[in-house]
$ cat upload29.txt   # compact mmCIF, C-alpha atoms and all ligand atoms
# COMPACT_ATOMS: atom_id res chain seq x y z
CA MET K 1 95.65 137.32 71.93
CA GLY K 2 92.67 135.01 71.37
CA ASN K 3 90.13 136.36 68.88
CA SER K 4 87.37 138.06 70.82
CA CYS K 5 84.55 137.12 68.45
CA SER K 6 81.97 134.79 69.86
CA ASN K 7 82.73 131.76 67.71
CA ASN K 8 85.35 130.53 70.14
CA LEU K 9 82.88 130.25 73.00
CA GLY K 10 81.76 126.85 74.12
CA ILE K 11 82.27 124.25 76.77
CA PRO K 12 85.83 122.89 76.42
CA PRO K 13 86.08 119.24 75.29
CA ALA K 14 87.37 116.78 77.89
CA LYS K 15 91.10 115.92 77.87
CA GLY K 16 91.11 112.31 79.07
CA PRO K 17 91.64 109.15 76.97
CA ASN K 18 87.97 108.15 76.81
CA ALA K 19 85.24 109.56 74.60
CA VAL K 20 82.31 110.71 76.73
CA GLY K 21 78.68 109.59 76.51
CA CYS K 22 75.79 111.43 78.16
CA SER K 23 72.23 110.31 78.89
CA ASP K 24 69.38 111.48 81.16
CA PHE K 25 67.63 109.20 83.62
CA MET K 26 64.50 109.66 85.71
CA MET K 27 62.91 106.99 87.90
CA ASP K 28 60.29 106.94 89.05
CA HIS K 29 58.27 109.73 87.43
CA THR K 30 57.25 111.43 90.70
CA VAL K 31 58.88 114.32 92.58
CA GLU K 32 60.20 111.70 95.06
CA GLY K 33 61.99 109.85 92.25
CA THR K 34 65.61 110.31 91.17
CA PHE K 35 66.63 112.48 88.21
CA PHE K 36 70.21 112.73 86.95
CA ARG K 37 72.35 113.30 83.86
CA LEU K 38 74.84 110.42 83.49
CA TYR K 39 78.31 110.98 81.95
CA TYR K 40 80.29 107.83 81.15
CA PRO K 41 83.21 106.52 79.02
CA CYS K 42 81.78 105.64 75.61
CA VAL K 43 82.83 104.10 72.30
CA ALA K 44 84.31 106.88 70.15
CA SER K 45 82.24 107.94 67.16
CA ASP K 46 82.90 111.05 65.07
CA ASN K 47 79.35 111.91 63.99
CA ALA K 48 77.56 111.51 67.32
CA GLU K 49 74.78 113.99 68.18
CA LYS K 50 75.61 116.19 71.17
CA PRO K 51 73.17 116.84 74.03
CA ASP K 52 71.71 120.31 74.54
CA TRP K 53 73.32 122.23 77.39
CA ILE K 54 69.98 123.79 78.39
CA PRO K 55 67.52 120.98 77.59
CA CYS K 56 64.27 122.97 77.52
CA LYS K 57 62.99 126.50 78.03
CA GLY K 58 61.52 125.78 81.45
CA TYR K 59 65.09 126.15 82.73
CA PHE K 60 65.29 129.67 81.29
CA TYR K 61 62.08 130.57 83.14
CA GLY K 62 63.57 129.20 86.35
CA LEU K 63 66.84 131.07 85.84
CA ALA K 64 64.86 134.29 85.40
CA ASP K 65 62.99 133.62 88.67
CA PHE K 66 66.30 132.92 90.43
CA LEU K 67 67.90 136.09 89.08
CA LYS K 68 64.71 138.05 89.84
CA ILE K 69 64.34 139.24 86.24
CA ASN K 70 61.35 139.19 83.90
CA ARG K 71 60.71 135.72 82.41
CA GLY K 72 59.55 136.76 78.94
CA LEU K 73 62.45 139.12 78.20
CA SER K 74 65.16 136.94 79.74
CA GLU K 75 63.94 133.80 77.95
CA LYS K 76 64.75 135.57 74.66
CA ILE K 77 68.12 136.84 75.98
CA PHE K 78 69.10 133.45 77.43
CA ASN K 79 67.97 131.70 74.26
CA TYR K 80 70.06 134.10 72.17
CA LEU K 81 73.10 133.86 74.47
CA PHE K 82 73.00 130.20 75.50
CA GLY K 83 70.24 128.41 73.56
CA SER K 84 72.49 126.77 70.98
CA PHE K 85 75.29 125.44 73.19
CA LYS K 86 75.90 121.71 73.16
CA ILE K 87 77.74 119.52 75.63
CA PRO K 88 80.98 118.02 74.24
CA ALA K 89 79.72 114.42 74.61
CA ALA K 90 77.87 111.81 72.56
CA LEU K 91 74.13 111.83 73.29
CA ASN K 92 73.30 108.26 74.38
CA GLY K 93 76.72 107.07 73.10
CA SER K 94 77.39 103.33 73.41
CA TYR K 95 78.93 102.54 76.78
CA LYS K 96 82.59 101.43 76.56
CA GLN K 97 83.05 98.28 78.60
CA ASN K 98 86.49 98.27 80.24
CA GLY K 99 86.42 96.78 83.73
CA LYS K 100 84.66 98.60 86.55
CA TYR K 101 84.77 102.39 86.73
CA PRO K 102 84.76 104.41 89.99
CA VAL K 103 81.62 106.50 90.53
CA VAL K 104 81.09 110.20 91.33
CA ILE K 105 77.76 111.73 92.38
CA PHE K 106 77.66 115.50 91.63
CA SER K 107 75.39 118.03 93.43
CA HIS K 108 74.65 121.43 91.80
CA GLY K 109 74.47 124.84 93.51
CA LEU K 110 71.58 127.10 94.53
CA GLY K 111 69.71 128.18 91.42
CA ALA K 112 71.56 125.74 89.18
CA PHE K 113 70.44 122.35 87.80
CA ARG K 114 71.95 119.05 86.58
CA THR K 115 73.48 120.18 83.25
CA LEU K 116 75.50 123.25 84.29
CA TYR K 117 78.73 121.54 85.40
CA SER K 118 79.52 119.60 82.23
CA ALA K 119 83.16 120.80 81.93
CA ILE K 120 83.84 119.03 85.25
CA CYS K 121 81.61 115.96 84.70
CA THR K 122 82.77 115.27 81.11
CA GLU K 123 86.43 115.57 82.18
CA LEU K 124 85.92 113.00 84.97
CA ALA K 125 84.09 110.63 82.58
CA SER K 126 86.88 110.98 79.99
CA GLN K 127 89.38 110.01 82.70
CA GLY K 128 87.45 106.82 83.47
CA PHE K 129 84.65 107.66 85.92
CA ILE K 130 80.89 107.19 85.78
CA VAL K 131 79.38 110.51 86.91
CA ALA K 132 75.74 111.13 87.88
CA SER K 133 74.89 114.84 88.11
CA VAL K 134 71.68 114.88 90.13
CA GLU K 135 68.85 117.40 89.71
CA HIS K 136 67.51 118.34 93.15
CA ARG K 137 63.77 118.65 93.84
CA ASP K 138 64.19 120.68 97.06
CA GLU K 139 63.18 123.93 95.27
CA SER K 140 66.82 125.08 95.29
CA ALA K 141 67.22 124.37 91.56
CA SER K 142 66.28 127.15 89.14
CA ALA K 143 63.86 124.62 87.66
CA THR K 144 63.23 120.91 87.46
CA TYR K 145 60.38 118.72 86.24
CA PHE K 146 58.68 115.42 87.01
CA TYR K 147 55.38 113.75 86.04
CA HIS K 148 51.89 113.02 87.30
CA GLN K 149 49.76 110.02 86.41
CA LYS K 150 47.10 111.42 84.07
CA PRO K 151 43.64 111.14 85.69
CA GLN K 152 41.63 108.36 84.04
CA GLU K 153 40.06 109.85 80.86
CA PRO K 154 36.25 109.69 81.10
CA GLU K 155 34.87 107.26 78.51
CA LYS K 156 33.21 110.01 76.42
CA ASP K 157 36.24 111.53 74.66
CA LYS K 158 37.88 108.42 73.25
CA ALA K 159 40.26 110.33 70.96
CA SER K 160 43.53 110.91 72.85
CA PRO K 161 44.05 114.69 73.42
CA LEU K 162 46.89 116.37 71.47
CA LYS K 163 50.10 115.47 73.39
CA PRO K 164 51.59 118.64 74.95
CA ASN K 165 55.13 117.27 74.89
CA PRO K 166 55.77 114.63 72.23
CA GLU K 167 58.46 112.74 74.11
CA ALA K 168 56.49 112.83 77.38
CA PRO K 169 55.84 109.25 78.40
CA GLU K 170 52.45 107.61 78.01
CA ASN K 171 49.57 108.86 80.18
CA LEU K 172 51.87 111.05 82.28
CA VAL K 173 51.52 114.82 82.65
CA GLU K 174 54.70 116.94 82.98
CA GLU K 175 54.90 119.29 85.96
CA TRP K 176 57.58 121.95 86.61
CA MET K 177 59.01 122.98 90.00
CA TYR K 178 60.71 126.39 90.04
CA TYR K 179 63.23 128.04 92.39
CA ARG K 180 61.70 128.97 95.74
CA SER K 181 63.08 132.30 96.96
CA LEU K 182 63.06 133.22 100.64
CA LYS K 183 59.81 134.88 101.67
CA PRO K 184 60.09 138.35 103.26
CA GLY K 185 60.80 137.85 106.97
CA GLU K 186 61.42 134.10 106.54
CA SER K 187 64.58 132.98 108.37
CA GLU K 188 66.98 131.29 105.99
CA PHE K 189 68.60 128.57 108.11
CA PRO K 190 65.55 126.30 108.66
CA LEU K 191 64.84 126.27 104.89
CA ARG K 192 68.47 125.65 103.85
CA ASN K 193 69.00 123.04 106.59
CA LYS K 194 65.90 121.12 105.44
CA GLN K 195 67.03 121.43 101.82
CA VAL K 196 70.59 120.19 102.45
CA LYS K 197 69.16 117.07 104.15
CA GLN K 198 66.85 116.42 101.19
CA ARG K 199 69.74 117.04 98.80
CA ALA K 200 71.91 114.45 100.60
CA ASP K 201 69.02 111.94 100.45
CA GLU K 202 68.69 112.60 96.71
CA CYS K 203 72.43 111.92 96.20
CA ILE K 204 72.03 108.64 98.11
CA LYS K 205 68.91 107.78 96.08
CA ALA K 206 70.84 108.41 92.83
CA LEU K 207 73.62 106.12 94.10
CA ASP K 208 71.09 103.41 95.02
CA THR K 209 69.67 103.66 91.49
CA LEU K 210 73.16 103.30 89.97
CA ILE K 211 73.69 100.22 92.18
CA GLN K 212 70.49 98.70 90.75
CA ILE K 213 71.55 99.61 87.20
CA ASN K 214 74.95 98.03 87.91
CA SER K 215 73.20 94.81 88.92
CA GLY K 216 71.76 94.61 85.40
CA LYS K 217 68.18 95.03 86.60
CA THR K 218 65.96 96.40 83.82
CA MET K 219 65.16 99.96 84.87
CA GLU K 220 62.13 101.81 83.60
CA ASN K 221 63.60 105.18 82.58
CA VAL K 222 60.62 107.53 82.39
CA LEU K 223 62.46 109.67 79.82
CA GLN K 224 62.54 106.83 77.28
CA THR K 225 65.96 107.83 75.90
CA GLU K 226 67.69 105.83 73.16
CA PHE K 227 70.12 104.35 75.67
CA ASP K 228 70.21 100.70 76.76
CA TRP K 229 70.81 100.96 80.51
CA THR K 230 71.39 97.20 80.80
CA THR K 231 74.77 97.76 79.02
CA LEU K 232 75.89 99.28 82.34
CA GLU K 233 75.66 95.90 84.08
CA ASN K 234 78.84 95.33 86.16
CA SER K 235 80.29 98.65 84.96
CA MET K 236 80.74 100.30 88.37
CA ASP K 237 83.29 99.73 91.11
CA LEU K 238 80.98 100.05 94.12
CA CYS K 239 83.95 100.23 96.53
CA ARG K 240 85.14 103.41 94.82
CA ILE K 241 82.41 106.03 95.16
CA ALA K 242 82.87 109.78 95.78
CA VAL K 243 80.50 112.72 96.18
CA MET K 244 81.26 116.17 94.73
CA GLY K 245 79.38 119.46 94.56
CA HIS K 246 79.50 123.24 94.09
CA SER K 247 78.52 125.80 96.75
CA PHE K 248 75.19 124.55 98.22
CA GLY K 249 76.28 121.31 96.56
CA GLY K 250 79.47 121.53 98.64
CA ALA K 251 77.41 121.53 101.85
CA THR K 252 75.48 118.60 100.34
CA VAL K 253 78.82 116.75 100.03
CA ILE K 254 79.41 117.03 103.80
CA GLU K 255 75.84 116.01 104.64
CA ALA K 256 75.97 113.03 102.23
CA LEU K 257 79.35 111.82 103.59
CA CYS K 258 77.79 111.86 107.04
CA LYS K 259 74.71 109.90 105.98
CA ASP K 260 76.26 107.23 103.79
CA VAL K 261 79.69 105.67 104.34
CA ASN K 262 79.51 104.27 100.79
CA PHE K 263 80.85 107.69 99.85
CA LYS K 264 84.55 107.15 100.52
CA CYS K 265 85.57 110.80 100.08
CA GLY K 266 84.16 114.18 99.08
CA ILE K 267 85.22 117.17 97.00
CA ALA K 268 83.53 120.49 97.87
CA LEU K 269 83.93 123.26 95.26
CA ASP K 270 83.60 126.71 96.88
CA ALA K 271 81.36 125.18 99.58
CA TRP K 272 78.63 127.26 101.22
CA MET K 273 78.69 125.90 104.80
CA PHE K 274 75.73 127.91 106.19
CA PRO K 275 73.04 125.18 105.72
CA LEU K 276 74.90 122.62 107.88
CA ASP K 277 74.09 121.83 111.52
CA GLU K 278 76.86 122.65 114.02
CA GLU K 279 77.10 119.06 115.27
CA ILE K 280 77.87 117.66 111.81
CA TYR K 281 81.52 118.76 111.99
CA VAL K 282 82.55 116.04 114.44
CA ARG K 283 80.51 113.33 112.70
CA VAL K 284 82.18 113.33 109.28
CA LYS K 285 85.01 110.81 109.07
CA GLN K 286 85.87 110.57 105.37
CA PRO K 287 88.57 112.61 103.54
CA ILE K 288 87.36 115.99 102.20
CA PHE K 289 88.98 118.31 99.64
CA PHE K 290 87.93 121.98 99.67
CA ILE K 291 88.70 123.73 96.37
CA ASN K 292 87.87 127.42 96.80
CA SER K 293 87.68 130.44 94.53
CA GLU K 294 89.61 133.56 95.50
CA LYS K 295 86.60 135.92 95.65
CA PHE K 296 83.68 133.98 97.19
CA GLN K 297 84.95 132.90 100.60
CA TRP K 298 84.69 134.80 103.88
CA ALA K 299 86.06 134.23 107.42
CA GLY K 300 82.90 132.71 108.93
CA ASN K 301 82.57 130.23 106.08
CA ILE K 302 86.24 129.26 106.20
CA SER K 303 86.15 128.80 109.98
CA ARG K 304 83.35 126.22 109.53
CA MET K 305 85.52 124.32 107.04
CA ARG K 306 88.36 124.49 109.55
CA LYS K 307 86.14 122.80 112.17
CA LEU K 308 86.27 119.75 109.89
CA ASP K 309 90.04 119.99 110.08
CA SER K 310 90.46 119.70 113.83
CA SER K 311 89.22 116.09 113.95
CA SER K 312 91.64 113.13 113.91
CA THR K 313 91.35 112.75 110.14
CA SER K 314 92.90 116.18 109.57
CA MET K 315 95.64 114.59 107.45
CA GLN K 316 92.94 113.85 104.87
CA ARG K 317 91.31 117.27 105.00
CA LYS K 318 92.82 119.49 102.33
CA MET K 319 92.06 123.02 101.13
CA ILE K 320 93.37 125.03 98.19
CA THR K 321 92.35 128.37 96.67
CA ILE K 322 92.58 129.05 92.93
CA LYS K 323 93.92 132.58 92.36
CA GLY K 324 91.97 134.82 89.95
CA THR K 325 88.75 132.81 90.18
CA VAL K 326 85.20 133.69 91.26
CA HIS K 327 82.23 131.61 92.45
CA GLN K 328 81.04 131.12 88.87
CA SER K 329 84.42 129.80 87.69
CA PHE K 330 83.15 126.26 88.43
CA PRO K 331 79.81 126.11 86.50
CA ASP K 332 79.86 126.15 82.67
CA PHE K 333 78.69 129.78 82.32
CA THR K 334 82.30 130.86 82.77
CA PHE K 335 83.07 129.53 79.27
CA LEU K 336 80.00 130.90 77.53
CA THR K 337 80.20 134.67 77.50
CA GLY K 338 82.76 137.10 76.13
CA ASN K 339 85.22 138.66 78.56
CA TRP K 340 83.45 141.91 79.32
CA ILE K 341 79.94 140.40 79.87
CA GLY K 342 81.60 137.67 81.91
CA LYS K 343 83.45 140.12 84.11
CA ILE K 344 80.41 142.40 84.60
CA LEU K 345 78.16 139.47 85.57
CA LYS K 346 80.96 137.98 87.69
CA LEU K 347 80.89 134.81 85.59
CA LYS K 348 84.64 135.06 85.00
CA GLY K 349 87.61 135.92 87.17
CA GLU K 350 90.98 137.27 86.06
CA LEU K 351 92.29 133.74 85.43
CA ASP K 352 91.58 132.14 82.04
CA PRO K 353 88.51 129.91 82.73
CA GLN K 354 90.15 126.91 81.01
CA VAL K 355 93.26 127.18 83.23
CA GLY K 356 91.05 127.43 86.31
CA ILE K 357 88.92 124.38 85.50
CA ASP K 358 92.03 122.37 84.54
CA LEU K 359 93.57 123.05 87.96
CA CYS K 360 90.28 122.11 89.66
CA ASN K 361 89.90 118.91 87.59
CA ARG K 362 93.52 117.76 87.98
CA ALA K 363 93.64 118.43 91.72
CA SER K 364 90.32 116.53 92.04
CA LEU K 365 91.66 113.56 90.05
CA ALA K 366 94.78 113.39 92.23
CA PHE K 367 92.63 113.47 95.39
CA LEU K 368 90.26 110.80 94.02
CA GLN K 369 93.21 108.53 93.13
CA ARG K 370 94.65 108.93 96.64
CA HIS K 371 91.39 108.23 98.52
CA LEU K 372 89.65 105.79 96.21
CA GLY K 373 92.88 103.82 95.67
CA LEU K 374 92.93 104.11 91.86
CA ASP K 375 95.87 102.77 89.87
CA LYS K 376 96.03 105.61 87.36
CA ASP K 377 98.61 108.34 86.79
CA PHE K 378 96.60 111.10 88.51
CA ASN K 379 99.27 111.18 91.25
CA GLN K 380 101.28 113.32 88.80
CA TRP K 381 99.05 116.15 90.10
CA ASP K 382 99.59 115.45 93.83
CA HIS K 383 101.44 118.77 94.15
CA LEU K 384 98.18 120.56 93.28
CA ILE K 385 96.49 119.08 96.38
CA GLU K 386 99.20 120.89 98.39
CA GLY K 387 98.55 124.12 96.47
CA LYS K 388 101.96 123.99 94.77
CA ASP K 389 101.31 125.96 91.58
CA HIS K 390 101.69 129.65 90.73
CA ASN K 391 97.89 129.91 90.33
CA LEU K 392 97.14 128.19 93.63
CA ILE K 393 97.26 129.12 97.31
CA PRO K 394 97.61 126.30 99.89
CA GLY K 395 94.61 126.69 102.25
CA THR K 396 92.91 130.05 101.94
CA ASN K 397 93.58 133.71 101.11
CA VAL K 398 90.92 134.76 103.62
CA THR K 399 92.32 136.33 106.78
CA GLU K 400 90.62 134.06 109.30
CA ILE K 401 89.26 135.08 112.66
CA SER K 402 91.14 133.18 115.34
C1 LIG K 501 69.99 137.43 92.89
C2 LIG K 501 70.11 135.98 93.20
N1 LIG K 501 70.67 135.75 94.55
C3 LIG K 501 69.92 134.53 95.01
C4 LIG K 501 70.21 134.15 96.39
C5 LIG K 501 72.16 135.50 94.56
C6 LIG K 501 72.58 134.83 93.21
N2 LIG K 501 73.92 134.21 93.27
C7 LIG K 501 75.00 134.85 92.50
C8 LIG K 501 74.78 134.55 91.04
C9 LIG K 501 74.36 133.26 90.37
C10 LIG K 501 74.55 134.29 89.30
C11 LIG K 501 74.34 134.22 87.82
C12 LIG K 501 74.11 132.98 87.22
C13 LIG K 501 73.88 132.94 85.84
C14 LIG K 501 73.87 134.13 85.11
C15 LIG K 501 73.63 134.06 83.63
F1 LIG K 501 73.31 135.26 83.16
F2 LIG K 501 74.77 133.67 83.01
F3 LIG K 501 72.66 133.19 83.38
C16 LIG K 501 74.09 135.36 85.71
C17 LIG K 501 74.34 135.42 87.10
C18 LIG K 501 73.78 135.25 90.19
C19 LIG K 501 75.82 134.74 89.96
C20 LIG K 501 74.14 133.07 94.00
O1 LIG K 501 73.21 132.50 94.52
C21 LIG K 501 75.56 132.47 94.14
N3 LIG K 501 75.38 131.10 94.66
C22 LIG K 501 75.26 130.03 93.81
S1 LIG K 501 75.32 130.28 92.13
C23 LIG K 501 75.04 128.66 91.40
C24 LIG K 501 74.53 128.82 90.02
C25 LIG K 501 73.22 129.27 89.82
C26 LIG K 501 72.76 129.48 88.54
C27 LIG K 501 73.61 129.24 87.46
F4 LIG K 501 73.14 129.43 86.23
C28 LIG K 501 74.91 128.78 87.65
C29 LIG K 501 75.36 128.58 88.94
N4 LIG K 501 75.11 128.78 94.25
C30 LIG K 501 75.02 128.52 95.59
O2 LIG K 501 74.87 127.36 95.99
C31 LIG K 501 75.11 129.63 96.48
C32 LIG K 501 75.28 130.90 96.01
C33 LIG K 501 75.32 131.83 97.06
C34 LIG K 501 75.18 131.13 98.25
C35 LIG K 501 75.05 129.68 97.95

$ encode --input "upload29.txt" --output "structure tokens" --more "lines below"
Ligand SMILES: CCN(CC)CCN(C[C@]12C[C@](c3ccc(C(F)(F)F)cc3)(C1)C2)C(=O)Cn1c(SCc2ccc(F)cc2)nc(=O)c2c1C=CC2
Amino acid sequence: MGNSCSNNLGIPPAKGPNAVGCSDFMMDHTVEGTFFRLYYPCVASDNAEKPDWIPCKGYFYGLADFLKINRGLSEKIFNYLFGSFKIPAALNGSYKQNGKYPVVIFSHGLGAFRTLYSAICTELASQGFIVASVEHRDESASATYFYHQKPQEPEKDKASPLKPNPEAPENLVEEWMYYRSLKPGESEFPLRNKQVKQRADECIKALDTLIQINSGKTMENVLQTEFDWTTLENSMDLCRIAVMGHSFGGATVIEALCKDVNFKCGIALDAWMFPLDEEIYVRVKQPIFFINSEKFQWAGNISRMRKLDSSSTSMQRKMITIKGTVHQSFPDFTFLTGNWIGKILKLKGELDPQVGIDLCNRASLAFLQRHLGLDKDFNQWDHLIEGKDHNLIPGTNVTEIS
């Protein structure tokens, strides 16, 4: 019986052979630029500083907006509950050169943002992937930020004004974009359909930026982190690229596969299929792996996933359901509250969160080895792709409409 006191809460460290580095990248500074958190294999060091899980309090404000609760009060509660958590990775750790690593682009869910899936992203990086977790600017994130060029200061006040945010780059002003909820009477599909298209474009833009970084081109990272991005020259295997995402990010996976054949396969975690156009189902050709929770799915959503099955590539369309899991079993919150808060807020299912994320990560690694042609030992988990485990169901538990 694990001790129930709170000191055993935290994001579980990755299990793979590589130490994990983590660094944030934004280029260019505008809302049209790309913004992602990069996780990568790094040189092991025991005293490395760890990145903050929630990087600044603007994200707490956005979470409050998303959850429709008061900002002031919830900022204090969130800060108390989650403010001190770190990501089990080395902030700006030195990149570990070892051949070319396959690449994964990760897309977060509605109301989430780039840092909330670190148990998945750090595990992939520790197993030898370079992972870019994008932060979407389609107003589906709880919060995100970007910069404006500061208007030219009139000559008179020479002295530079007190800088609002010390690490903010020169002469740029930080601006925050918060979650946009549906307006009363607004129909949801047009908004979500527009957002999923922008989200796919942002995944492609992040990939294009990684391709430039891989070429060794000096990139001007607006965030001015202590990380030398030129060390990533020739680090990526650009024939082995996958796209992955949770919920709204799962729909983004399908849209991105459709738009860019550089994505060789996709993994959709508890996908929310509603935002997708009907005609997309026949256009996707790449392999897709649906990893579903037991509680979130419903017949209409499953039947849309099944439409992707009927095409000729059905051999490469797989679906499993993890028993005892809920929608929030994929983001990091599932590790960060005690059992009873977690159950009340539906952040935890019946299954131990660590067991659930291990099944998800191992099944994903096996699928990535199969469809990116990796020569690792992830095929040891091939049985998980078929749902062969006492905590898995092949396909779905949802009784589907015919
Ligand atoms: C009332 C809000 N109402 C908005 C439409 C529904 C809210 N909701 C259920 C929630 C998110 C919940 C949550 C988070 C976080 C705490 C905290 F206390 F731990 F912070 C608590 C409680 C509230 C569980 C979902 O939207 C579920 N969902 C999600 S949740 C992604 C997410 C968001 C924020 C996070 F911090 C972590 C993960 N991503 C999607 O793409 C889709 C859906 C539904 C359809 C498509």

$ residues_around --input "upload29.txt" --residues "Ile393 in chain K" --least-positions-apart "5" --cutoff "7 Å" --atoms "all atoms listed in the file" --output "list in words"
Ile320, Thr321, Ile322, Lys323 and Gly387 of chain K

$ write_last_selection --input "upload29.txt" --atoms "C-alpha atoms" --output "PDB file, in the frame of the given file"
ATOM      1  CA  ILE K 320      93.370 125.030  98.190  1.00  0.00           C
ATOM      2  CA  THR K 321      92.350 128.370  96.670  1.00  0.00           C
ATOM      3  CA  ILE K 322      92.580 129.050  92.930  1.00  0.00           C
ATOM      4  CA  LYS K 323      93.920 132.580  92.360  1.00  0.00           C
ATOM      5  CA  GLY K 387      98.550 124.120  96.470  1.00  0.00           C
TER       6      GLY K 387
END

$ residues_around --input "upload29.txt" --residues "Met236 in chain K" --least-positions-apart "5" --cutoff "6 Å" --atoms "only C-alpha atoms" --output "mmCIF file with C-alpha atoms, in the coordinates of the input"
data_model
loop_
_atom_site.group_PDB
_atom_site.id
_atom_site.type_symbol
_atom_site.label_atom_id
_atom_site.label_comp_id
_atom_site.auth_asym_id
_atom_site.auth_seq_id
_atom_site.Cartn_x
_atom_site.Cartn_y
_atom_site.Cartn_z
ATOM 1 C CA LYS K 100 84.660 98.600 86.550
ATOM 2 C CA TYR K 101 84.770 102.390 86.730
ATOM 3 C CA PRO K 102 84.760 104.410 89.990
#

$ residues_around --input "upload29.txt" --residues "Lys86 in chain K" --least-positions-apart "3" --cutoff "7 Å" --atoms "all atoms listed in the file" --output "MDAnalysis selection string"
chainID K and resid 50:53

$ closest_atom_pairs --input "upload29.txt" --of "chain K" --to "ligand LIG 501 (chain K)" --cutoff "6 Å" --atoms "all atoms listed in the file" --output "tab-separated table"
residue	atom	partner	partner_atom	distance
K:Phe66	CA	K:LIG501	C2	5.6
K:Leu67	CA	K:LIG501	C1	4.5
K:Gly109	CA	K:LIG501	O2	3.6
K:Leu110	CA	K:LIG501	O2	3.6
K:Gly111	CA	K:LIG501	C25	4.0
K:Ala112	CA	K:LIG501	C25	4.0
K:Ser247	CA	K:LIG501	O2	4.0
K:Phe248	CA	K:LIG501	O2	3.6
K:Trp272	CA	K:LIG501	C35	5.4
K:Pro331	CA	K:LIG501	C29	5.6
K:Phe333	CA	K:LIG501	F2	5.6
K:Leu345	CA	K:LIG501	C17	5.8

$ atom_distance --input "upload29.txt" --atom1 "CA of Ser94 in chain K" --atom2 "CA of Thr225 in chain K"
12.5 Å

$ residues_near_point --input "upload29.txt" --point "(81.4, 107.3, 95.8)" --cutoff "7 Å" --atoms "all atoms listed in the file" --output "JSON, numbers by chain"
{"K": [103, 104, 105, 240, 241, 242, 243, 262, 263, 264, 265]}

$ residues_around --input "upload29.txt" --residues "Glu75 in chain K" --least-positions-apart "4" --cutoff "8 Å" --atoms "all atoms listed in the file" --output "list in words"
Lys57, Phe60, Tyr61, Ala64, Arg71 and Asn79 of chain K

$ atom_distance --input "upload29.txt" --atom1 "CA of Asn339 in chain K" --atom2 "CA of Ala89 in chain K"
25.2 Å

$ atom_distance --input "upload29.txt" --atom1 "CA of Lys295 in chain K" --atom2 "CA of Asp270 in chain K"
9.8 Å

$ closest_residue --input "upload29.txt" --among "K:Ile341, K:Met273, K:Met177, K:Met305" --to "Phe189 in chain K" --atoms "all atoms listed in the file"
K:Met273

$ closest_residue --input "upload29.txt" --among "K:His136, K:Glu255, K:Cys239, K:Asn391" --to "Val282 in chain K" --atoms "all atoms listed in the file"
K:Glu255

$ residues_near_point --input "upload29.txt" --point "(64.3, 97.1, 89.3)" --cutoff "12 Å" --atoms "all atoms listed in the file" --output "list in words"
Met27, Asp28, Asp208, Thr209, Leu210, Ile211, Gln212, Ile213, Asn214, Ser215, Gly216, Lys217, Thr218, Met219, Glu220, Asn221, Trp229 and Thr230 of chain K

$ closest_residue --input "upload29.txt" --among "K:Gly250, K:Pro275, K:Gly324, K:Gly16" --to "Lys348 in chain K" --atoms "only C-alpha atoms"
K:Gly324

$ build_atoms --input "upload29.txt" --residues "range 184-193 of chain K" --atoms "N, CA and C atoms" --output "short mmCIF file (atom, residue, chain, number, x, y, z; two decimals), keeping the file's coordinate frame"
data_model
loop_
_atom_site.label_atom_id
_atom_site.label_comp_id
_atom_site.auth_asym_id
_atom_site.auth_seq_id
_atom_site.Cartn_x
_atom_site.Cartn_y
_atom_site.Cartn_z
N PRO K 184 59.69 137.24 102.39
CA PRO K 184 60.09 138.35 103.26
C PRO K 184 59.88 137.96 104.74
N GLY K 185 60.93 138.14 105.55
CA GLY K 185 60.80 137.85 106.97
C GLY K 185 61.06 136.39 107.31
N GLU K 186 61.14 135.52 106.28
CA GLU K 186 61.42 134.10 106.54
C GLU K 186 62.88 133.93 106.94
N SER K 187 63.17 133.16 107.99
CA SER K 187 64.58 132.98 108.37
C SER K 187 65.17 131.89 107.48
N GLU K 188 66.40 132.12 107.04
CA GLU K 188 66.98 131.29 105.99
C GLU K 188 67.42 129.91 106.47
N PHE K 189 67.99 129.84 107.70
CA PHE K 189 68.60 128.57 108.11
C PHE K 189 67.63 127.38 108.08
N PRO K 190 66.43 127.47 108.66
CA PRO K 190 65.55 126.30 108.66
C PRO K 190 65.29 125.77 107.23
N LEU K 191 65.10 126.71 106.28
CA LEU K 191 64.84 126.27 104.89
C LEU K 191 66.08 125.57 104.33
N ARG K 192 67.25 126.21 104.46
CA ARG K 192 68.47 125.65 103.85
C ARG K 192 68.88 124.35 104.54
N ASN K 193 68.64 124.26 105.85
CA ASN K 193 69.00 123.04 106.59
C ASN K 193 68.12 121.87 106.15
#
